[in-house]
file my_file38.pdb (PDB, C-alpha atoms)
ATOM      1  CA  MET A  10      40.203 -11.572  -0.120
ATOM      2  CA  ASN A  11      42.734 -12.767   2.497
ATOM      3  CA  SER A  12      42.934 -16.225   4.052
ATOM      4  CA  ASN A  13      41.201 -15.175   7.283
ATOM      5  CA  HIS A  14      38.110 -14.047   5.357
ATOM      6  CA  LEU A  15      38.115 -17.298   3.375
ATOM      7  CA  ILE A  16      38.190 -19.311   6.608
ATOM      8  CA  GLY A  17      35.361 -17.166   7.973
ATOM      9  CA  GLN A  18      33.238 -17.713   4.879
ATOM     10  CA  ARG A  19      33.691 -21.481   4.986
ATOM     11  CA  LEU A  20      32.998 -21.633   8.710
ATOM     12  CA  ARG A  21      29.770 -19.663   8.354
ATOM     13  CA  GLN A  22      28.626 -21.714   5.356
ATOM     14  CA  ILE A  23      29.207 -25.092   7.045
ATOM     15  CA  ARG A  24      27.600 -23.903  10.296
ATOM     16  CA  LYS A  25      24.523 -22.596   8.447
ATOM     17  CA  ASN A  26      24.232 -25.822   6.449
ATOM     18  CA  LEU A  27      24.065 -27.698   9.752
ATOM     19  CA  ALA A  28      21.468 -25.236  11.123
ATOM     20  CA  LEU A  29      23.810 -24.635  14.038
ATOM     21  CA  SER A  30      23.887 -21.385  16.000
ATOM     22  CA  LEU A  31      27.067 -19.734  17.208
ATOM     23  CA  SER A  32      26.196 -20.671  20.775
ATOM     24  CA  GLY A  33      25.539 -24.260  19.725
ATOM     25  CA  LEU A  34      28.889 -24.467  17.968
ATOM     26  CA  SER A  35      30.546 -22.899  20.997
ATOM     27  CA  GLU A  36      29.124 -25.603  23.269
ATOM     28  CA  ARG A  37      30.311 -28.361  20.941
ATOM     29  CA  SER A  38      33.788 -26.981  20.317
ATOM     30  CA  GLY A  39      34.723 -25.256  23.563
ATOM     31  CA  VAL A  40      35.580 -22.117  21.572
ATOM     32  CA  SER A  41      33.855 -18.983  22.838
ATOM     33  CA  VAL A  42      31.023 -17.318  20.925
ATOM     34  CA  GLY A  43      33.102 -14.142  20.699
ATOM     35  CA  THR A  44      36.010 -15.973  19.072
ATOM     36  CA  LEU A  45      33.699 -17.769  16.619
ATOM     37  CA  SER A  46      32.046 -14.490  15.700
ATOM     38  CA  GLN A  47      35.438 -12.871  15.061
ATOM     39  CA  LEU A  48      36.510 -15.792  12.897
ATOM     40  CA  GLU A  49      33.387 -15.629  10.766
ATOM     41  CA  ARG A  50      34.059 -11.923  10.190
ATOM     42  CA  GLY A  51      37.636 -12.647   9.134
ATOM     43  CA  LEU A  52      39.215 -11.029  12.195
ATOM     44  CA  GLY A  53      42.314 -12.450  13.833
ATOM     45  CA  ARG A  54      44.352 -15.564  13.022
ATOM     46  CA  PRO A  55      42.973 -18.883  14.343
ATOM     47  CA  SER A  56      45.464 -21.311  15.815
ATOM     48  CA  LEU A  57      45.745 -24.863  14.516
ATOM     49  CA  ARG A  58      44.195 -26.084  17.769
ATOM     50  CA  THR A  59      41.190 -23.781  17.295
ATOM     51  CA  ILE A  60      40.715 -25.100  13.761
ATOM     52  CA  GLU A  61      40.895 -28.669  15.107
ATOM     53  CA  ARG A  62      38.259 -27.991  17.766
ATOM     54  CA  ILE A  63      35.877 -26.320  15.362
ATOM     55  CA  SER A  64      36.267 -28.926  12.621
ATOM     56  CA  GLN A  65      35.634 -31.759  15.095
ATOM     57  CA  ALA A  66      32.528 -29.985  16.377
ATOM     58  CA  LEU A  67      31.264 -29.538  12.809
ATOM     59  CA  GLY A  68      32.124 -33.107  11.852
ATOM     60  CA  VAL A  69      34.357 -32.118   8.931
ATOM     61  CA  PRO A  70      38.104 -32.585   8.307
ATOM     62  CA  PRO A  71      40.209 -29.513   9.166
ATOM     63  CA  PHE A  72      41.214 -28.873   5.555
ATOM     64  CA  TRP A  73      37.563 -28.046   4.728
ATOM     65  CA  LEU A  74      38.127 -24.811   6.636
ATOM     66  CA  LEU A  75      41.706 -24.217   5.501
ATOM     67  CA  GLU A  76      41.996 -25.129   1.837
ATOM     68  CA  MET A  77      42.277 -22.484  -0.815
ATOM     69  CA  PRO A  78      39.652 -22.658  -3.572
ATOM     70  CA  ASP A  79      40.594 -24.439  -6.778
ATOM     71  CA  GLN A  80      38.083 -24.557  -9.606
ATOM     72  CA  HIS A  81      40.489 -25.611 -12.360
ATOM     73  CA  ASN A  82      40.897 -29.264 -11.461
ATOM     74  CA  PRO A  83      37.623 -31.214 -11.192
ATOM     75  CA  GLU A  84      39.608 -34.400 -10.598
ATOM     76  CA  HIS A  85      40.357 -33.187  -7.064
ATOM     77  CA  ASP A  86      36.941 -34.447  -5.986
ATOM     78  CA  GLN A  87      37.359 -37.806  -7.704
ATOM     79  CA  MET A  88      40.233 -40.265  -7.497
ATOM     80  CA  ILE A  89      43.265 -38.594  -9.081
ATOM     81  CA  VAL A  90      45.330 -35.499  -8.271
ATOM     82  CA  ARG A  91      47.840 -34.736 -11.037
ATOM     83  CA  SER A  92      51.384 -33.541 -10.457
ATOM     84  CA  GLY A  93      51.401 -29.881  -9.453
ATOM     85  CA  GLN A  94      47.623 -29.825  -8.900
ATOM     86  CA  GLY A  95      47.559 -30.283  -5.118
ATOM     87  CA  VAL A  96      45.450 -27.914  -3.045
ATOM     88  CA  GLN A  97      47.408 -25.218  -1.202
ATOM     89  CA  LEU A  98      46.153 -25.092   2.384
ATOM     90  CA  THR A  99      45.961 -21.919   4.425
ATOM     91  CA  VAL A 100      48.423 -22.120   7.326
ATOM     92  CA  THR A 101      48.238 -19.500  10.057
ATOM     93  CA  GLU A 102      51.795 -19.991  11.312
ATOM     94  CA  PRO A 103      54.464 -18.084   9.315
ATOM     95  CA  GLY A 104      57.157 -19.906   7.357
ATOM     96  CA  MET A 105      55.142 -23.054   6.673
ATOM     97  CA  THR A 106      53.245 -24.247   3.601
ATOM     98  CA  LYS A 107      51.024 -27.318   3.298
ATOM     99  CA  THR A 108      49.784 -28.854   0.065
ATOM    100  CA  LEU A 109      47.084 -31.525   0.058
ATOM    101  CA  VAL A 110      47.962 -34.127  -2.586
ATOM    102  CA  THR A 111      45.127 -36.613  -2.040
ATOM    103  CA  PRO A 112      41.613 -35.975  -3.467
ATOM    104  CA  ARG A 113      39.462 -33.762  -1.283
ATOM    105  CA  SER A 114      36.671 -36.350  -1.269
ATOM    106  CA  PHE A 115      39.009 -38.897   0.336
ATOM    107  CA  ASP A 116      38.623 -37.501   3.838
ATOM    108  CA  ALA A 117      39.469 -40.667   5.814
ATOM    109  CA  MET A 118      43.147 -39.910   5.171
ATOM    110  CA  GLN A 119      44.988 -36.850   3.906
ATOM    111  CA  LEU A 120      48.486 -36.941   2.437
ATOM    112  CA  MET A 121      50.249 -33.573   2.479
ATOM    113  CA  THR A 122      53.619 -32.133   1.637
ATOM    114  CA  VAL A 123      54.740 -29.810   4.414
ATOM    115  CA  VAL A 124      57.527 -27.288   3.773
ATOM    116  CA  MET A 125      58.979 -25.469   6.794
ATOM    117  CA  GLU A 126      61.450 -22.623   6.719
ATOM    118  CA  PRO A 127      64.055 -22.391   9.521
ATOM    119  CA  GLY A 128      62.396 -21.269  12.746
ATOM    120  CA  SER A 129      58.850 -22.147  11.690
ATOM    121  CA  LYS A 130      56.681 -24.233  14.026
ATOM    122  CA  SER A 131      53.202 -25.658  14.476
ATOM    123  CA  GLY A 132      52.262 -23.113  17.129
ATOM    124  CA  ALA A 133      53.013 -21.803  20.605
ATOM    125  CA  GLY A 134      51.728 -24.854  22.469
ATOM    126  CA  PHE A 135      50.880 -28.513  22.233
ATOM    127  CA  TYR A 136      47.685 -29.730  20.578
ATOM    128  CA  ARG A 137      45.908 -33.042  20.009
ATOM    129  CA  HIS A 138      43.126 -34.398  17.802
ATOM    130  CA  GLU A 139      41.564 -37.619  16.556
ATOM    131  CA  GLY A 140      43.426 -40.003  14.255
ATOM    132  CA  ILE A 141      47.017 -40.945  13.475
ATOM    133  CA  ASP A 142      49.960 -38.795  12.325
ATOM    134  CA  VAL A 143      52.587 -40.377  10.056
ATOM    135  CA  GLY A 144      55.469 -38.572   8.382
ATOM    136  CA  TYR A 145      58.627 -39.111   6.343
ATOM    137  CA  ILE A 146      61.373 -36.467   6.340
ATOM    138  CA  LEU A 147      62.315 -35.744   2.731
ATOM    139  CA  SER A 148      64.969 -33.110   3.486
ATOM    140  CA  GLY A 149      66.214 -30.923   6.317
ATOM    141  CA  SER A 150      65.457 -31.668   9.955
ATOM    142  CA  LEU A 151      62.453 -31.564  12.265
ATOM    143  CA  ASN A 152      62.095 -31.373  16.047
ATOM    144  CA  LEU A 153      59.003 -33.392  16.961
ATOM    145  CA  GLU A 154      57.672 -33.309  20.522
ATOM    146  CA  VAL A 155      55.137 -36.000  21.413
ATOM    147  CA  ASP A 156      53.828 -36.815  24.883
ATOM    148  CA  GLY A 157      56.690 -35.108  26.690
ATOM    149  CA  ARG A 158      59.515 -36.510  24.526
ATOM    150  CA  THR A 159      61.527 -34.607  21.913
ATOM    151  CA  HIS A 160      62.731 -36.352  18.769
ATOM    152  CA  VAL A 161      65.234 -34.784  16.363
ATOM    153  CA  LEU A 162      64.541 -36.174  12.883
ATOM    154  CA  SER A 163      66.530 -35.821   9.664
ATOM    155  CA  ALA A 164      66.136 -36.846   6.023
ATOM    156  CA  GLY A 165      65.084 -40.484   5.699
ATOM    157  CA  ASP A 166      63.574 -40.704   9.201
ATOM    158  CA  CYS A 167      59.918 -41.645   9.656
ATOM    159  CA  PHE A 168      57.491 -41.067  12.539
ATOM    160  CA  ALA A 169      54.054 -42.372  13.511
ATOM    161  CA  PHE A 170      52.022 -41.585  16.626
ATOM    162  CA  ASP A 171      48.486 -41.408  17.941
ATOM    163  CA  SER A 172      47.239 -37.879  17.326
ATOM    164  CA  GLN A 173      45.450 -37.814  20.681
ATOM    165  CA  LEU A 174      48.834 -37.503  22.356
ATOM    166  CA  PRO A 175      49.899 -33.870  22.968
ATOM    167  CA  HIS A 176      52.303 -32.889  20.216
ATOM    168  CA  ARG A 177      53.936 -30.050  18.326
ATOM    169  CA  PHE A 178      56.774 -29.667  15.829
ATOM    170  CA  GLU A 179      59.397 -27.112  14.802
ATOM    171  CA  ASN A 180      62.211 -26.626  12.312
ATOM    172  CA  ARG A 181      65.171 -25.649  14.485
ATOM    173  CA  GLY A 182      67.718 -26.353  11.751
ATOM    174  CA  GLY A 183      69.389 -23.866   9.463
ATOM    175  CA  SER A 184      67.789 -25.050   6.227
ATOM    176  CA  ARG A 185      64.329 -25.703   4.825
ATOM    177  CA  ALA A 186      62.628 -28.938   5.914
ATOM    178  CA  GLU A 187      60.295 -30.932   3.685
ATOM    179  CA  VAL A 188      58.014 -33.599   5.125
ATOM    180  CA  LEU A 189      55.584 -36.026   3.539
ATOM    181  CA  TRP A 190      52.797 -36.031   6.122
ATOM    182  CA  ILE A 191      49.712 -38.213   6.551
ATOM    183  CA  ASN A 192      46.730 -37.551   8.816
ATOM    184  CA  THR A 193      44.006 -40.108   9.349
ATOM    185  CA  LYS A 194      40.536 -39.210  10.558
ATOM    186  CA  SER A 195      40.324 -42.044  13.105
ATOM    187  CA  ARG A 196      42.588 -44.552  14.817
ATOM    188  CA  LEU A 197      43.590 -47.594  12.808
ATOM    189  CA  ASN A 198      41.913 -50.929  13.485
ATOM    190  CA  GLY A 199      43.969 -53.260  15.662
ATOM    191  CA  LEU A 200      45.873 -50.588  17.580
ATOM    192  CA  PRO A 201      45.918 -51.090  21.363
ATOM    193  CA  PRO A 202      43.977 -48.594  23.505
ATOM    194  CA  LEU A 203      45.763 -45.321  24.086
ATOM    195  CA  GLU A 204      47.460 -45.155  27.470
ATOM    196  CA  PRO A 205      47.048 -41.977  29.548
ATOM    197  CA  ALA A 206      49.372 -39.233  28.380
ATOM    198  CA  THR A 207      52.447 -38.708  30.542
ATOM    199  CA  ALA A 208      52.639 -35.008  29.679
ATOM    200  CA  GLU A 209      49.814 -32.556  29.646
ATOM    201  CA  PRO A 210      49.665 -30.124  26.736
ATOM    202  CA  ARG A 211      50.612 -26.576  27.509
ATOM    203  CA  PRO A 212      47.743 -24.089  27.730
ATOM    204  CA  ASP A 213      46.501 -22.951  24.339
ATOM    205  CA  PRO A 214      45.668 -19.219  24.144
ATOM    206  CA  ALA A 215      42.849 -20.134  21.778
ATOM    207  CA  ALA A 216      41.068 -22.006  24.565
ATOM    208  CA  SER A 217      39.869 -18.663  25.920
ATOM    209  CA  ASP A 218      38.616 -15.682  23.978
ATOM    210  CA  GLY A 219      41.874 -15.356  22.061
ATOM    211  CA  ILE A 220      42.297 -16.696  18.523
TER     212      ILE A 220
END

call {"tool": "encode", "arguments": {"input": "my_file38.pdb", "output": "structure tokens"}}
result
Amino acid sequence: MNSNHLIGQRLRQIRKNLALSLSGLSERSGVSVGTLSQLERGLGRPSLRTIERISQALGVPPFWLLEMPDQHNPEHDQMIVRSGQGVQLTVTEPGMTKTLVTPRSFDAMQLMTVVMEPGSKSGAGFYRHEGIDVGYILSGSLNLEVDGRTHVLSAGDCFAFDSQLPHRFENRGGSRAEVLWINTKSRLNGLPPLEPATAEPRPDPAASDGI
């Protein structure tokens, strides 16, 4: 079974558990009924932005839809994840792998290792979501675009930004990039209110009937 069918199975299961119809989920997420139906049947490749919209509408973290099953490490759902036992996440963009290294039950914050081959990127356009993004470049380089500004980062550099700002990232270097990446589910206490974005995100093909 390929990753698209696994995403479709999880989506259908969570939606059914919430007694939510396709049309109801469409209203909540802004993703068309046709696209949702295709996803549940394992057709097409959902963008990261589509996954974000659907997960927010369902009230679950995005990795609930993306993670690959792992039944050999019961400690994943507790407090400890042993070395080499992180959960491999399904990434729709080529050349990128993500491994969740915090327990799956700890959904307020997810720590991931992100490996990007040269030329790989987060997607065609900008996206935004709830929470905070924090990262530390372990090796290689990363082009990070946030709110209309481009930052070229190399090993030892760190970034942190409000995830509601339009953003995307890409490895434009000639070697593999490795990033230690944290996502939080909500904004941190004590942060000032987010100012209006100075750059609008580029249109996302997934906002229509595309995937």

call {"tool": "closest_residue", "arguments": {"input": "my_file38.pdb", "among": "A:Glu102, A:Asp142, A:Asp171, A:Glu154", "to": "Trp190 (chain A)", "atoms": "only C-alpha atoms"}}
result
A:Asp142

call {"tool": "atom_distance", "arguments": {"input": "my_file38.pdb", "atom1": "CA of Gln65 (chain A)", "atom2": "CA of Leu109 (chain A)"}}
result
18.9 Å

call {"tool": "closest_residue", "arguments": {"input": "my_file38.pdb", "among": "A:Leu75, A:Ala186, A:Val123, A:Val69", "to": "Glu139 (chain A)", "atoms": "all atoms listed in the file"}}
result
A:Val69

call {"tool": "closest_residue", "arguments": {"input": "my_file38.pdb", "among": "A:Ile141, A:Met125, A:Leu15, A:Ala117", "to": "Gly182 (chain A)", "atoms": "all atoms listed in the file"}}
result
A:Met125

call {"tool": "closest_residue", "arguments": {"input": "my_file38.pdb", "among": "A:Ser150, A:Ser92, A:Gln97, A:Gln119", "to": "Asn180 (chain A)", "atoms": "all atoms listed in the file"}}
result
A:Ser150

call {"tool": "atom_distance", "arguments": {"input": "my_file38.pdb", "atom1": "CA of Gly17 (chain A)", "atom2": "CA of Gly51 (chain A)"}}
result
5.2 Å

call {"tool": "closest_residue", "arguments": {"input": "my_file38.pdb", "among": "A:Pro127, A:Gly43, A:Pro112, A:Gly134", "to": "Leu57 (chain A)", "atoms": "all atoms listed in the file"}}
result
A:Gly134

call {"tool": "residues_near_point", "arguments": {"input": "my_file38.pdb", "point": "(25.8, -25.8, 11.8)", "cutoff": "12 Å", "atoms": "all atoms listed in the file", "output": "JSON, numbers by chain"}}
result
{"A": [19, 20, 21, 22, 23, 24, 25, 26, 27, 28, 29, 30, 31, 32, 33, 34, 35, 36, 37, 38, 63, 64, 65, 66, 67, 68, 69]}

call {"tool": "decode", "arguments": {"input": "my_file38.pdb", "residues": "region 88-123 of chain A", "atoms": "N, CA and C atoms", "output": "mmCIF file, in the first residue's frame"}}
result
data_model
loop_
_atom_site.group_PDB
_atom_site.id
_atom_site.type_symbol
_atom_site.label_atom_id
_atom_site.label_comp_id
_atom_site.auth_asym_id
_atom_site.auth_seq_id
_atom_site.Cartn_x
_atom_site.Cartn_y
_atom_site.Cartn_z
ATOM 1 N N MET A 88 6.591 8.281 26.781
ATOM 2 C CA MET A 88 7.448 9.412 27.086
ATOM 3 C C MET A 88 8.807 9.352 26.396
ATOM 4 N N ILE A 89 9.198 8.176 25.912
ATOM 5 C CA ILE A 89 10.546 7.984 25.395
ATOM 6 C C ILE A 89 10.501 7.486 23.951
ATOM 7 N N VAL A 90 11.382 8.029 23.114
ATOM 8 C CA VAL A 90 11.617 7.490 21.775
ATOM 9 C C VAL A 90 13.108 7.170 21.695
ATOM 10 N N ARG A 91 13.436 5.890 21.550
ATOM 11 C CA ARG A 91 14.839 5.464 21.541
ATOM 12 C C ARG A 91 15.534 5.833 20.234
ATOM 13 N N SER A 92 16.848 5.860 20.280
ATOM 14 C CA SER A 92 17.650 6.166 19.104
ATOM 15 C C SER A 92 17.290 5.231 17.950
ATOM 16 N N GLY A 93 17.028 5.806 16.797
ATOM 17 C CA GLY A 93 16.694 5.022 15.614
ATOM 18 C C GLY A 93 15.255 4.572 15.550
ATOM 19 N N GLN A 94 14.429 4.958 16.535
ATOM 20 C CA GLN A 94 13.037 4.508 16.584
ATOM 21 C C GLN A 94 12.047 5.620 16.253
ATOM 22 N N GLY A 95 12.519 6.727 15.691
ATOM 23 C CA GLY A 95 11.602 7.793 15.293
ATOM 24 C C GLY A 95 10.661 7.345 14.191
ATOM 25 N N VAL A 96 9.534 8.028 14.095
ATOM 26 C CA VAL A 96 8.510 7.679 13.106
ATOM 27 C C VAL A 96 8.788 8.401 11.787
ATOM 28 N N GLN A 97 8.951 7.628 10.723
ATOM 29 C CA GLN A 97 9.153 8.207 9.390
ATOM 30 C C GLN A 97 7.838 8.784 8.898
ATOM 31 N N LEU A 98 7.825 10.076 8.589
ATOM 32 C CA LEU A 98 6.616 10.727 8.100
ATOM 33 C C LEU A 98 6.561 10.660 6.573
ATOM 34 N N THR A 99 5.343 10.638 6.063
ATOM 35 C CA THR A 99 5.151 10.630 4.619
ATOM 36 C C THR A 99 5.206 12.062 4.101
ATOM 37 N N VAL A 100 6.150 12.356 3.236
ATOM 38 C CA VAL A 100 6.311 13.687 2.664
ATOM 39 C C VAL A 100 5.984 13.611 1.170
ATOM 40 N N THR A 101 5.114 14.509 0.724
ATOM 41 C CA THR A 101 4.676 14.445 -0.669
ATOM 42 C C THR A 101 5.666 15.071 -1.637
ATOM 43 N N GLU A 102 6.533 15.963 -1.142
ATOM 44 C CA GLU A 102 7.510 16.598 -2.015
ATOM 45 C C GLU A 102 8.737 15.701 -2.159
ATOM 46 N N PRO A 103 9.245 15.510 -3.387
ATOM 47 C CA PRO A 103 10.398 14.620 -3.595
ATOM 48 C C PRO A 103 11.684 15.177 -2.997
ATOM 49 N N GLY A 104 12.573 14.283 -2.584
ATOM 50 C CA GLY A 104 13.890 14.677 -2.108
ATOM 51 C C GLY A 104 13.942 15.100 -0.662
ATOM 52 N N MET A 105 12.857 14.897 0.090
ATOM 53 C CA MET A 105 12.823 15.314 1.482
ATOM 54 C C MET A 105 12.322 14.175 2.353
ATOM 55 N N THR A 106 12.949 13.983 3.508
ATOM 56 C CA THR A 106 12.466 13.004 4.481
ATOM 57 C C THR A 106 12.340 13.695 5.836
ATOM 58 N N LYS A 107 11.289 13.318 6.574
ATOM 59 C CA LYS A 107 11.053 13.857 7.907
ATOM 60 C C LYS A 107 10.877 12.694 8.876
ATOM 61 N N THR A 108 11.532 12.790 10.017
ATOM 62 C CA THR A 108 11.410 11.763 11.043
ATOM 63 C C THR A 108 11.003 12.418 12.355
ATOM 64 N N LEU A 109 9.865 12.009 12.887
ATOM 65 C CA LEU A 109 9.385 12.522 14.164
ATOM 66 C C LEU A 109 10.146 11.826 15.283
ATOM 67 N N VAL A 110 10.796 12.599 16.163
ATOM 68 C CA VAL A 110 11.613 11.996 17.212
ATOM 69 C C VAL A 110 11.071 12.258 18.614
ATOM 70 N N THR A 111 9.919 12.950 18.703
ATOM 71 C CA THR A 111 9.223 13.070 19.978
ATOM 72 C C THR A 111 8.073 12.068 19.998
ATOM 73 N N PRO A 112 7.584 11.667 21.189
ATOM 74 C CA PRO A 112 6.472 10.710 21.263
ATOM 75 C C PRO A 112 5.237 11.243 20.552
ATOM 76 N N ARG A 113 4.499 10.354 19.915
ATOM 77 C CA ARG A 113 3.324 10.761 19.170
ATOM 78 C C ARG A 113 2.247 11.364 20.066
ATOM 79 N N SER A 114 2.209 10.948 21.329
ATOM 80 C CA SER A 114 1.193 11.470 22.243
ATOM 81 C C SER A 114 1.493 12.901 22.661
ATOM 82 N N PHE A 115 2.715 13.359 22.463
ATOM 83 C CA PHE A 115 3.113 14.706 22.854
ATOM 84 C C PHE A 115 2.844 15.639 21.686
ATOM 85 N N ASP A 116 1.564 15.982 21.478
ATOM 86 C CA ASP A 116 1.196 16.692 20.259
ATOM 87 C C ASP A 116 1.255 18.210 20.390
ATOM 88 N N ALA A 117 1.582 18.745 21.588
ATOM 89 C CA ALA A 117 1.714 20.193 21.717
ATOM 90 C C ALA A 117 2.955 20.704 21.005
ATOM 91 N N MET A 118 3.938 19.816 20.818
ATOM 92 C CA MET A 118 5.185 20.173 20.146
ATOM 93 C C MET A 118 5.740 18.932 19.476
ATOM 94 N N GLN A 119 6.220 19.074 18.262
ATOM 95 C CA GLN A 119 6.855 17.966 17.558
ATOM 96 C C GLN A 119 8.269 18.356 17.160
ATOM 97 N N LEU A 120 9.217 17.511 17.524
ATOM 98 C CA LEU A 120 10.615 17.689 17.122
ATOM 99 C C LEU A 120 10.899 16.690 16.010
ATOM 100 N N MET A 121 11.405 17.193 14.880
ATOM 101 C CA MET A 121 11.663 16.354 13.720
ATOM 102 C C MET A 121 13.087 16.563 13.220
ATOM 103 N N THR A 122 13.624 15.561 12.575
ATOM 104 C CA THR A 122 14.821 15.732 11.775
ATOM 105 C C THR A 122 14.368 15.788 10.319
ATOM 106 N N VAL A 123 14.795 16.808 9.625
ATOM 107 C CA VAL A 123 14.405 17.009 8.231
ATOM 108 C C VAL A 123 15.663 16.921 7.371
#
